[in-house]
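Enquirer: Input structure: structure39.cif, which contains mmCIF, N, CA and C atoms and all ligand atoms.
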```
data_query
#
loop_
_atom_site.group_PDB
_atom_site.id
_atom_site.type_symbol
_atom_site.label_atom_id
_atom_site.label_comp_id
_atom_site.auth_asym_id
_atom_site.auth_seq_id
_atom_site.Cartn_x
_atom_site.Cartn_y
_atom_site.Cartn_z
ATOM 1 N N MET Y 1 0.848 -1.199 0.000
ATOM 2 C CA MET Y 1 0.000 0.000 0.000
ATOM 3 C C MET Y 1 0.875 1.238 0.000
ATOM 4 N N SER Y 2 0.569 2.173 -0.868
ATOM 5 C CA SER Y 2 1.318 3.420 -0.935
ATOM 6 C C SER Y 2 0.559 4.517 -0.222
ATOM 7 N N LEU Y 3 1.121 4.995 0.869
ATOM 8 C CA LEU Y 3 0.441 6.055 1.609
ATOM 9 C C LEU Y 3 0.339 7.308 0.754
ATOM 10 N N LEU Y 4 1.402 7.608 0.034
ATOM 11 C CA LEU Y 4 1.360 8.792 -0.819
ATOM 12 C C LEU Y 4 0.297 8.653 -1.899
ATOM 13 N N GLY Y 5 0.216 7.470 -2.482
ATOM 14 C CA GLY Y 5 -0.783 7.241 -3.504
ATOM 15 C C GLY Y 5 -2.184 7.423 -2.964
ATOM 16 N N MET Y 6 -2.385 7.017 -1.710
ATOM 17 C CA MET Y 6 -3.686 7.200 -1.096
ATOM 18 C C MET Y 6 -3.978 8.678 -0.889
ATOM 19 N N LEU Y 7 -2.981 9.419 -0.438
ATOM 20 C CA LEU Y 7 -3.232 10.793 -0.036
ATOM 21 C C LEU Y 7 -3.434 11.713 -1.228
ATOM 22 N N ASP Y 8 -2.688 11.490 -2.303
ATOM 23 C CA ASP Y 8 -2.824 12.439 -3.408
ATOM 24 C C ASP Y 8 -3.953 12.057 -4.354
ATOM 25 N N GLY Y 9 -4.506 10.871 -4.180
ATOM 26 C CA GLY Y 9 -5.644 10.489 -4.988
ATOM 27 C C GLY Y 9 -5.304 10.256 -6.446
ATOM 28 N N GLY Y 10 -4.031 10.106 -6.753
ATOM 29 C CA GLY Y 10 -3.622 9.943 -8.144
ATOM 30 C C GLY Y 10 -3.902 8.548 -8.645
ATOM 31 N N PRO Y 11 -3.701 8.333 -9.920
ATOM 32 C CA PRO Y 11 -3.923 7.009 -10.497
ATOM 33 C C PRO Y 11 -2.965 6.001 -9.875
ATOM 34 N N GLY Y 12 -3.394 4.771 -9.778
ATOM 35 C CA GLY Y 12 -2.549 3.734 -9.235
ATOM 36 C C GLY Y 12 -2.814 3.448 -7.778
ATOM 37 N N ALA Y 13 -3.629 4.262 -7.106
ATOM 38 C CA ALA Y 13 -3.959 3.976 -5.717
ATOM 39 C C ALA Y 13 -4.747 2.674 -5.655
ATOM 40 N N VAL Y 14 -4.370 1.823 -4.730
ATOM 41 C CA VAL Y 14 -5.044 0.532 -4.641
ATOM 42 C C VAL Y 14 -5.771 0.403 -3.314
ATOM 43 N N CYS Y 15 -6.670 -0.552 -3.283
ATOM 44 C CA CYS Y 15 -7.503 -0.845 -2.121
ATOM 45 C C CYS Y 15 -6.637 -1.126 -0.889
ATOM 46 N N SER Y 16 -7.096 -0.662 0.272
ATOM 47 C CA SER Y 16 -6.359 -0.869 1.514
ATOM 48 C C SER Y 16 -6.586 -2.250 2.121
ATOM 49 N N ALA Y 17 -7.545 -2.990 1.603
ATOM 50 C CA ALA Y 17 -7.815 -4.310 2.173
ATOM 51 C C ALA Y 17 -6.609 -5.221 1.986
ATOM 52 N N SER Y 18 -6.340 -6.043 2.998
ATOM 53 C CA SER Y 18 -5.184 -6.918 2.963
ATOM 54 C C SER Y 18 -5.229 -7.839 1.748
ATOM 55 N N GLY Y 19 -4.170 -7.825 0.952
ATOM 56 C CA GLY Y 19 -4.060 -8.742 -0.166
ATOM 57 C C GLY Y 19 -4.825 -8.328 -1.404
ATOM 58 N N CYS Y 20 -5.486 -7.187 -1.372
ATOM 59 C CA CYS Y 20 -6.281 -6.749 -2.517
ATOM 60 C C CYS Y 20 -5.480 -5.766 -3.356
ATOM 61 N N ALA Y 21 -5.442 -5.991 -4.666
ATOM 62 C CA ALA Y 21 -4.694 -5.117 -5.560
ATOM 63 C C ALA Y 21 -5.612 -4.340 -6.495
ATOM 64 N N ALA Y 22 -6.910 -4.366 -6.212
ATOM 65 C CA ALA Y 22 -7.857 -3.637 -7.063
ATOM 66 C C ALA Y 22 -7.669 -2.133 -6.878
ATOM 67 N N SER Y 23 -7.987 -1.380 -7.908
ATOM 68 C CA SER Y 23 -7.833 0.062 -7.792
ATOM 69 C C SER Y 23 -8.953 0.632 -6.914
ATOM 70 N N ALA Y 24 -8.622 1.709 -6.230
ATOM 71 C CA ALA Y 24 -9.559 2.286 -5.268
ATOM 72 C C ALA Y 24 -10.641 3.084 -5.978
ATOM 73 N N ALA Y 25 -11.879 2.852 -5.569
ATOM 74 C CA ALA Y 25 -13.002 3.635 -6.099
ATOM 75 C C ALA Y 25 -13.634 4.486 -5.008
ATOM 76 N N HIS Y 26 -13.311 4.156 -3.747
ATOM 77 C CA HIS Y 26 -13.933 4.838 -2.615
ATOM 78 C C HIS Y 26 -12.862 5.206 -1.592
ATOM 79 N N ALA Y 27 -13.159 6.228 -0.805
ATOM 80 C CA ALA Y 27 -12.297 6.592 0.314
ATOM 81 C C ALA Y 27 -13.098 6.430 1.600
ATOM 82 N N ILE Y 28 -12.478 5.746 2.557
ATOM 83 C CA ILE Y 28 -13.129 5.537 3.851
ATOM 84 C C ILE Y 28 -12.386 6.380 4.881
ATOM 85 N N HIS Y 29 -13.067 7.362 5.409
ATOM 86 C CA HIS Y 29 -12.474 8.286 6.376
ATOM 87 C C HIS Y 29 -12.924 7.870 7.768
ATOM 88 N N TRP Y 30 -12.009 7.842 8.699
ATOM 89 C CA TRP Y 30 -12.353 7.357 10.029
ATOM 90 C C TRP Y 30 -11.354 7.902 11.038
ATOM 91 N N ARG Y 31 -11.693 7.695 12.315
ATOM 92 C CA ARG Y 31 -10.727 7.966 13.376
ATOM 93 C C ARG Y 31 -11.064 7.088 14.566
ATOM 94 N N ASN Y 32 -10.067 6.888 15.376
ATOM 95 C CA ASN Y 32 -10.247 6.156 16.627
ATOM 96 C C ASN Y 32 -10.381 7.189 17.735
ATOM 97 N N PRO Y 33 -11.587 7.362 18.292
ATOM 98 C CA PRO Y 33 -11.795 8.423 19.284
ATOM 99 C C PRO Y 33 -10.903 8.287 20.514
ATOM 100 N N ARG Y 34 -10.401 7.075 20.760
ATOM 101 C CA ARG Y 34 -9.554 6.896 21.945
ATOM 102 C C ARG Y 34 -8.165 7.502 21.754
ATOM 103 N N ILE Y 35 -7.707 7.614 20.513
ATOM 104 C CA ILE Y 35 -6.345 8.117 20.287
ATOM 105 C C ILE Y 35 -6.292 9.314 19.346
ATOM 106 N N HIS Y 36 -7.379 9.592 18.608
ATOM 107 C CA HIS Y 36 -7.382 10.703 17.663
ATOM 108 C C HIS Y 36 -8.325 11.793 18.144
ATOM 109 N N GLY Y 37 -7.871 13.043 18.076
ATOM 110 C CA GLY Y 37 -8.749 14.167 18.368
ATOM 111 C C GLY Y 37 -9.790 14.324 17.280
ATOM 112 N N GLU Y 38 -10.776 15.177 17.530
ATOM 113 C CA GLU Y 38 -11.885 15.316 16.582
ATOM 114 C C GLU Y 38 -11.455 15.916 15.248
ATOM 115 N N ASP Y 39 -10.291 16.550 15.189
ATOM 116 C CA ASP Y 39 -9.839 17.142 13.928
ATOM 117 C C ASP Y 39 -8.933 16.204 13.143
ATOM 118 N N ARG Y 40 -8.735 14.970 13.636
ATOM 119 C CA ARG Y 40 -7.922 14.005 12.908
ATOM 120 C C ARG Y 40 -8.813 13.140 12.034
ATOM 121 N N VAL Y 41 -8.371 12.891 10.820
ATOM 122 C CA VAL Y 41 -9.093 11.979 9.932
ATOM 123 C C VAL Y 41 -8.090 11.036 9.291
ATOM 124 N N LYS Y 42 -8.311 9.749 9.458
ATOM 125 C CA LYS Y 42 -7.519 8.739 8.756
ATOM 126 C C LYS Y 42 -8.298 8.325 7.512
ATOM 127 N N THR Y 43 -7.601 7.997 6.439
ATOM 128 C CA THR Y 43 -8.292 7.629 5.202
ATOM 129 C C THR Y 43 -7.732 6.327 4.651
ATOM 130 N N TRP Y 44 -8.643 5.410 4.346
ATOM 131 C CA TRP Y 44 -8.291 4.188 3.642
ATOM 132 C C TRP Y 44 -8.874 4.266 2.238
ATOM 133 N N ALA Y 45 -8.210 3.618 1.302
ATOM 134 C CA ALA Y 45 -8.758 3.457 -0.039
ATOM 135 C C ALA Y 45 -9.491 2.122 -0.102
ATOM 136 N N ALA Y 46 -10.543 2.061 -0.893
ATOM 137 C CA ALA Y 46 -11.296 0.815 -0.991
ATOM 138 C C ALA Y 46 -11.821 0.608 -2.402
ATOM 139 N N CYS Y 47 -11.767 -0.638 -2.859
ATOM 140 C CA CYS Y 47 -12.391 -0.995 -4.130
ATOM 141 C C CYS Y 47 -13.876 -1.258 -3.878
ATOM 142 N N ASP Y 48 -14.619 -1.507 -4.946
ATOM 143 C CA ASP Y 48 -16.054 -1.776 -4.798
ATOM 144 C C ASP Y 48 -16.311 -2.953 -3.860
ATOM 145 N N ASP Y 49 -15.473 -4.010 -3.985
ATOM 146 C CA ASP Y 49 -15.723 -5.226 -3.211
ATOM 147 C C ASP Y 49 -15.468 -5.041 -1.720
ATOM 148 N N HIS Y 50 -14.568 -4.144 -1.350
ATOM 149 C CA HIS Y 50 -14.158 -4.051 0.049
ATOM 150 C C HIS Y 50 -14.688 -2.821 0.772
ATOM 151 N N ARG Y 51 -15.393 -1.956 0.060
ATOM 152 C CA ARG Y 51 -15.895 -0.745 0.727
ATOM 153 C C ARG Y 51 -16.719 -1.101 1.966
ATOM 154 N N GLU Y 52 -17.660 -2.029 1.793
ATOM 155 C CA GLU Y 52 -18.557 -2.343 2.906
ATOM 156 C C GLU Y 52 -17.840 -3.083 4.024
ATOM 157 N N SER Y 53 -16.957 -4.019 3.666
ATOM 158 C CA SER Y 53 -16.313 -4.811 4.717
ATOM 159 C C SER Y 53 -15.330 -3.961 5.512
ATOM 160 N N LEU Y 54 -14.622 -3.052 4.852
ATOM 161 C CA LEU Y 54 -13.692 -2.187 5.585
ATOM 162 C C LEU Y 54 -14.463 -1.222 6.494
ATOM 163 N N ALA Y 55 -15.525 -0.636 5.971
ATOM 164 C CA ALA Y 55 -16.318 0.288 6.784
ATOM 165 C C ALA Y 55 -16.963 -0.449 7.955
ATOM 166 N N ALA Y 56 -17.437 -1.668 7.701
ATOM 167 C CA ALA Y 56 -18.081 -2.434 8.768
ATOM 168 C C ALA Y 56 -17.082 -2.780 9.870
ATOM 169 N N TRP Y 57 -15.856 -3.070 9.482
ATOM 170 C CA TRP Y 57 -14.815 -3.390 10.466
ATOM 171 C C TRP Y 57 -14.609 -2.195 11.400
ATOM 172 N N LEU Y 58 -14.567 -1.015 10.813
ATOM 173 C CA LEU Y 58 -14.375 0.188 11.626
ATOM 174 C C LEU Y 58 -15.602 0.459 12.501
ATOM 175 N N ARG Y 59 -16.787 0.322 11.906
ATOM 176 C CA ARG Y 59 -18.007 0.588 12.673
ATOM 177 C C ARG Y 59 -18.160 -0.407 13.819
ATOM 178 N N SER Y 60 -17.693 -1.638 13.617
ATOM 179 C CA SER Y 60 -17.821 -2.645 14.663
ATOM 180 C C SER Y 60 -16.997 -2.269 15.881
ATOM 181 N N ARG Y 61 -16.009 -1.399 15.689
ATOM 182 C CA ARG Y 61 -15.202 -0.912 16.803
ATOM 183 C C ARG Y 61 -15.683 0.438 17.309
ATOM 184 N N ALA Y 62 -16.851 0.855 16.831
ATOM 185 C CA ALA Y 62 -17.474 2.109 17.265
ATOM 186 C C ALA Y 62 -16.659 3.327 16.856
ATOM 187 N N PHE Y 63 -15.904 3.194 15.743
ATOM 188 C CA PHE Y 63 -15.193 4.350 15.213
ATOM 189 C C PHE Y 63 -16.137 5.123 14.288
ATOM 190 N N PRO Y 64 -16.092 6.446 14.314
ATOM 191 C CA PRO Y 64 -16.857 7.206 13.319
ATOM 192 C C PRO Y 64 -16.285 6.987 11.922
ATOM 193 N N VAL Y 65 -17.175 6.801 10.935
ATOM 194 C CA VAL Y 65 -16.772 6.449 9.571
ATOM 195 C C VAL Y 65 -17.559 7.290 8.568
ATOM 196 N N ALA Y 66 -16.889 7.768 7.524
ATOM 197 C CA ALA Y 66 -17.567 8.437 6.410
ATOM 198 C C ALA Y 66 -16.964 7.886 5.116
ATOM 199 N N VAL Y 67 -17.822 7.503 4.163
ATOM 200 C CA VAL Y 67 -17.358 6.956 2.889
ATOM 201 C C VAL Y 67 -17.665 7.960 1.775
ATOM 202 N N THR Y 68 -16.672 8.258 0.952
ATOM 203 C CA THR Y 68 -16.841 9.186 -0.168
ATOM 204 C C THR Y 68 -16.238 8.559 -1.420
ATOM 205 N N PRO Y 69 -16.527 9.138 -2.578
ATOM 206 C CA PRO Y 69 -15.777 8.719 -3.772
ATOM 207 C C PRO Y 69 -14.286 8.949 -3.545
ATOM 208 N N PHE Y 70 -13.446 8.081 -4.125
ATOM 209 C CA PHE Y 70 -12.013 8.205 -3.907
ATOM 210 C C PHE Y 70 -11.515 9.560 -4.422
ATOM 211 N N GLY Y 71 -10.647 10.185 -3.647
ATOM 212 C CA GLY Y 71 -10.093 11.475 -4.032
ATOM 213 C C GLY Y 71 -10.737 12.638 -3.293
ATOM 214 N N GLU Y 72 -11.936 12.395 -2.741
ATOM 215 C CA GLU Y 72 -12.569 13.447 -1.946
ATOM 216 C C GLU Y 72 -12.040 13.407 -0.523
ATOM 217 N N THR Y 73 -12.044 14.543 0.113
ATOM 218 C CA THR Y 73 -11.602 14.609 1.501
ATOM 219 C C THR Y 73 -12.744 15.125 2.363
ATOM 220 N N VAL Y 74 -12.641 14.888 3.638
ATOM 221 C CA VAL Y 74 -13.628 15.413 4.590
ATOM 222 C C VAL Y 74 -12.885 16.178 5.677
ATOM 223 N N GLU Y 75 -13.552 17.151 6.252
ATOM 224 C CA GLU Y 75 -12.932 17.958 7.312
ATOM 225 C C GLU Y 75 -12.785 17.145 8.586
ATOM 226 N N ARG Y 76 -13.809 16.354 8.869
ATOM 227 C CA ARG Y 76 -13.790 15.541 10.078
ATOM 228 C C ARG Y 76 -14.839 14.446 9.979
ATOM 229 N N VAL Y 77 -14.702 13.453 10.807
ATOM 230 C CA VAL Y 77 -15.726 12.418 10.922
ATOM 231 C C VAL Y 77 -16.228 12.433 12.350
ATOM 232 N N ALA Y 78 -17.521 12.314 12.505
ATOM 233 C CA ALA Y 78 -18.113 12.386 13.841
ATOM 234 C C ALA Y 78 -19.111 11.250 14.019
HETATM 235 ZN ZN ZN Y 101 -10.325 -4.394 -2.329
#
```
Take the structure in this file and express it as structure tokens.
Ligand SMILES: [Zn+2]
Expert:
Amino acid sequence: MSLLGMLDGGPGAVCSASGCAASAAHAIHWRNPRIHGEDRVKTWAACDDHRESLAAWLRSRAFPVAVTPFGETVERVA
């Protein structure tokens, strides 16, 4: 996984799911309230197949999650 590729939203960014090499179509923005302040946003890239499973994994841990088209950013997740 290329962190830079994820952040700049350029071509070649791949899904963050383990072992997946599909190109990213979605961005999953999240934070862990126990360690991240409200102004921190972490972003994963996700392909069509993994968007739901990655978001569900985060939601199952009670992390705030927002899903957008890949390349979009959010100010915060709440
Ligand atoms: Zn994937």
Enquirer: What is the CA of Leu54 in chain Y-CA of His29 in chain Y distance in Å, reported with one decimal?
Expert: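 The value is 10.6 Å.
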Enquirer: Take atom C of Asp49 in chain Y and atom C of Glu72 in chain Y and report the distance between them in Å, one decimal.
Expert: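 Straight-line distance from atom C of Asp49 in chain Y to atom C of Glu72 in chain Y works out to 18.8 Å.
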Enquirer: Mind the document's chain letters and residue numbers, and return as a ChimeraX atom specification the residues of chain Y that DSSP labels alpha helix (DSSP H).
Expert: /Y:3-8,51-60
Enquirer: Residues as selected, N, CA and C atoms, written as a compact mmCIF listing (two decimals), keeping the file's coordinate frame, can you do that?
Expert:
```
# COMPACT_ATOMS: atom_id res chain seq x y z
N LEU Y 3 1.12 5.00 0.87
CA LEU Y 3 0.44 6.06 1.61
C LEU Y 3 0.34 7.31 0.75
N LEU Y 4 1.40 7.61 0.03
CA LEU Y 4 1.36 8.79 -0.82
C LEU Y 4 0.30 8.65 -1.90
N GLY Y 5 0.22 7.47 -2.48
CA GLY Y 5 -0.78 7.24 -3.50
C GLY Y 5 -2.18 7.42 -2.96
N MET Y 6 -2.38 7.02 -1.71
CA MET Y 6 -3.69 7.20 -1.10
C MET Y 6 -3.98 8.68 -0.89
N LEU Y 7 -2.98 9.42 -0.44
CA LEU Y 7 -3.23 10.79 -0.04
C LEU Y 7 -3.43 11.71 -1.23
N ASP Y 8 -2.69 11.49 -2.30
CA ASP Y 8 -2.82 12.44 -3.41
C ASP Y 8 -3.95 12.06 -4.35
N ARG Y 51 -15.39 -1.96 0.06
CA ARG Y 51 -15.90 -0.74 0.73
C ARG Y 51 -16.72 -1.10 1.97
N GLU Y 52 -17.66 -2.03 1.79
CA GLU Y 52 -18.56 -2.34 2.91
C GLU Y 52 -17.84 -3.08 4.02
N SER Y 53 -16.96 -4.02 3.67
CA SER Y 53 -16.31 -4.81 4.72
C SER Y 53 -15.33 -3.96 5.51
N LEU Y 54 -14.62 -3.05 4.85
CA LEU Y 54 -13.69 -2.19 5.58
C LEU Y 54 -14.46 -1.22 6.49
N ALA Y 55 -15.52 -0.64 5.97
CA ALA Y 55 -16.32 0.29 6.78
C ALA Y 55 -16.96 -0.45 7.96
N ALA Y 56 -17.44 -1.67 7.70
CA ALA Y 56 -18.08 -2.43 8.77
C ALA Y 56 -17.08 -2.78 9.87
N TRP Y 57 -15.86 -3.07 9.48
CA TRP Y 57 -14.82 -3.39 10.47
C TRP Y 57 -14.61 -2.19 11.40
N LEU Y 58 -14.57 -1.01 10.81
CA LEU Y 58 -14.38 0.19 11.63
C LEU Y 58 -15.60 0.46 12.50
N ARG Y 59 -16.79 0.32 11.91
CA ARG Y 59 -18.01 0.59 12.67
C ARG Y 59 -18.16 -0.41 13.82
N SER Y 60 -17.69 -1.64 13.62
CA SER Y 60 -17.82 -2.64 14.66
C SER Y 60 -17.00 -2.27 15.88
```
Enquirer: Per residue of chain Y within 9 Å of ligand ZN 101 (chain Y), which atom pair is closest and at what distance in Å (one decimal), using only C-alpha atoms and all ligand atoms, listed by chain and increasing number, as a tab-separated table?
Expert:
```
residue	atom	partner	partner_atom	distance
Y:Val14	CA	Y:ZN101	ZN	7.6
Y:Cys15	CA	Y:ZN101	ZN	4.5
Y:Ser16	CA	Y:ZN101	ZN	6.6
Y:Ala17	CA	Y:ZN101	ZN	5.2
Y:Ser18	CA	Y:ZN101	ZN	7.8
Y:Gly19	CA	Y:ZN101	ZN	7.9
Y:Cys20	CA	Y:ZN101	ZN	4.7
Y:Ala21	CA	Y:ZN101	ZN	6.5
Y:Ala22	CA	Y:ZN101	ZN	5.4
Y:Ser23	CA	Y:ZN101	ZN	7.5
Y:Ala24	CA	Y:ZN101	ZN	7.3
Y:Ala45	CA	Y:ZN101	ZN	8.3
Y:Ala46	CA	Y:ZN101	ZN	5.5
Y:Cys47	CA	Y:ZN101	ZN	4.4
Y:Asp48	CA	Y:ZN101	ZN	6.8
Y:Asp49	CA	Y:ZN101	ZN	5.5
Y:His50	CA	Y:ZN101	ZN	4.5
Y:Arg51	CA	Y:ZN101	ZN	7.3
Y:Leu54	CA	Y:ZN101	ZN	8.9
```
Enquirer: Rounded to one decimal in Å, what is the spacing between atom C of Arg59 in chain Y and atom C of Ala78 in chain Y?
Expert: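 Spanning atom C of Arg59 in chain Y to atom C of Ala78 in chain Y is a straight-line distance of 11.7 Å.
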Enquirer: Translate the PyMOL selection byres (((chain Y and resi 63 and name CA) around 12) and not hetatm and name CA), as applied to the file shown, into an explicit residue set as a VMD selection string.
Expert: chain Y and resid 28 to 36 38 41 to 42 54 to 62 64 to 66 77 to 78
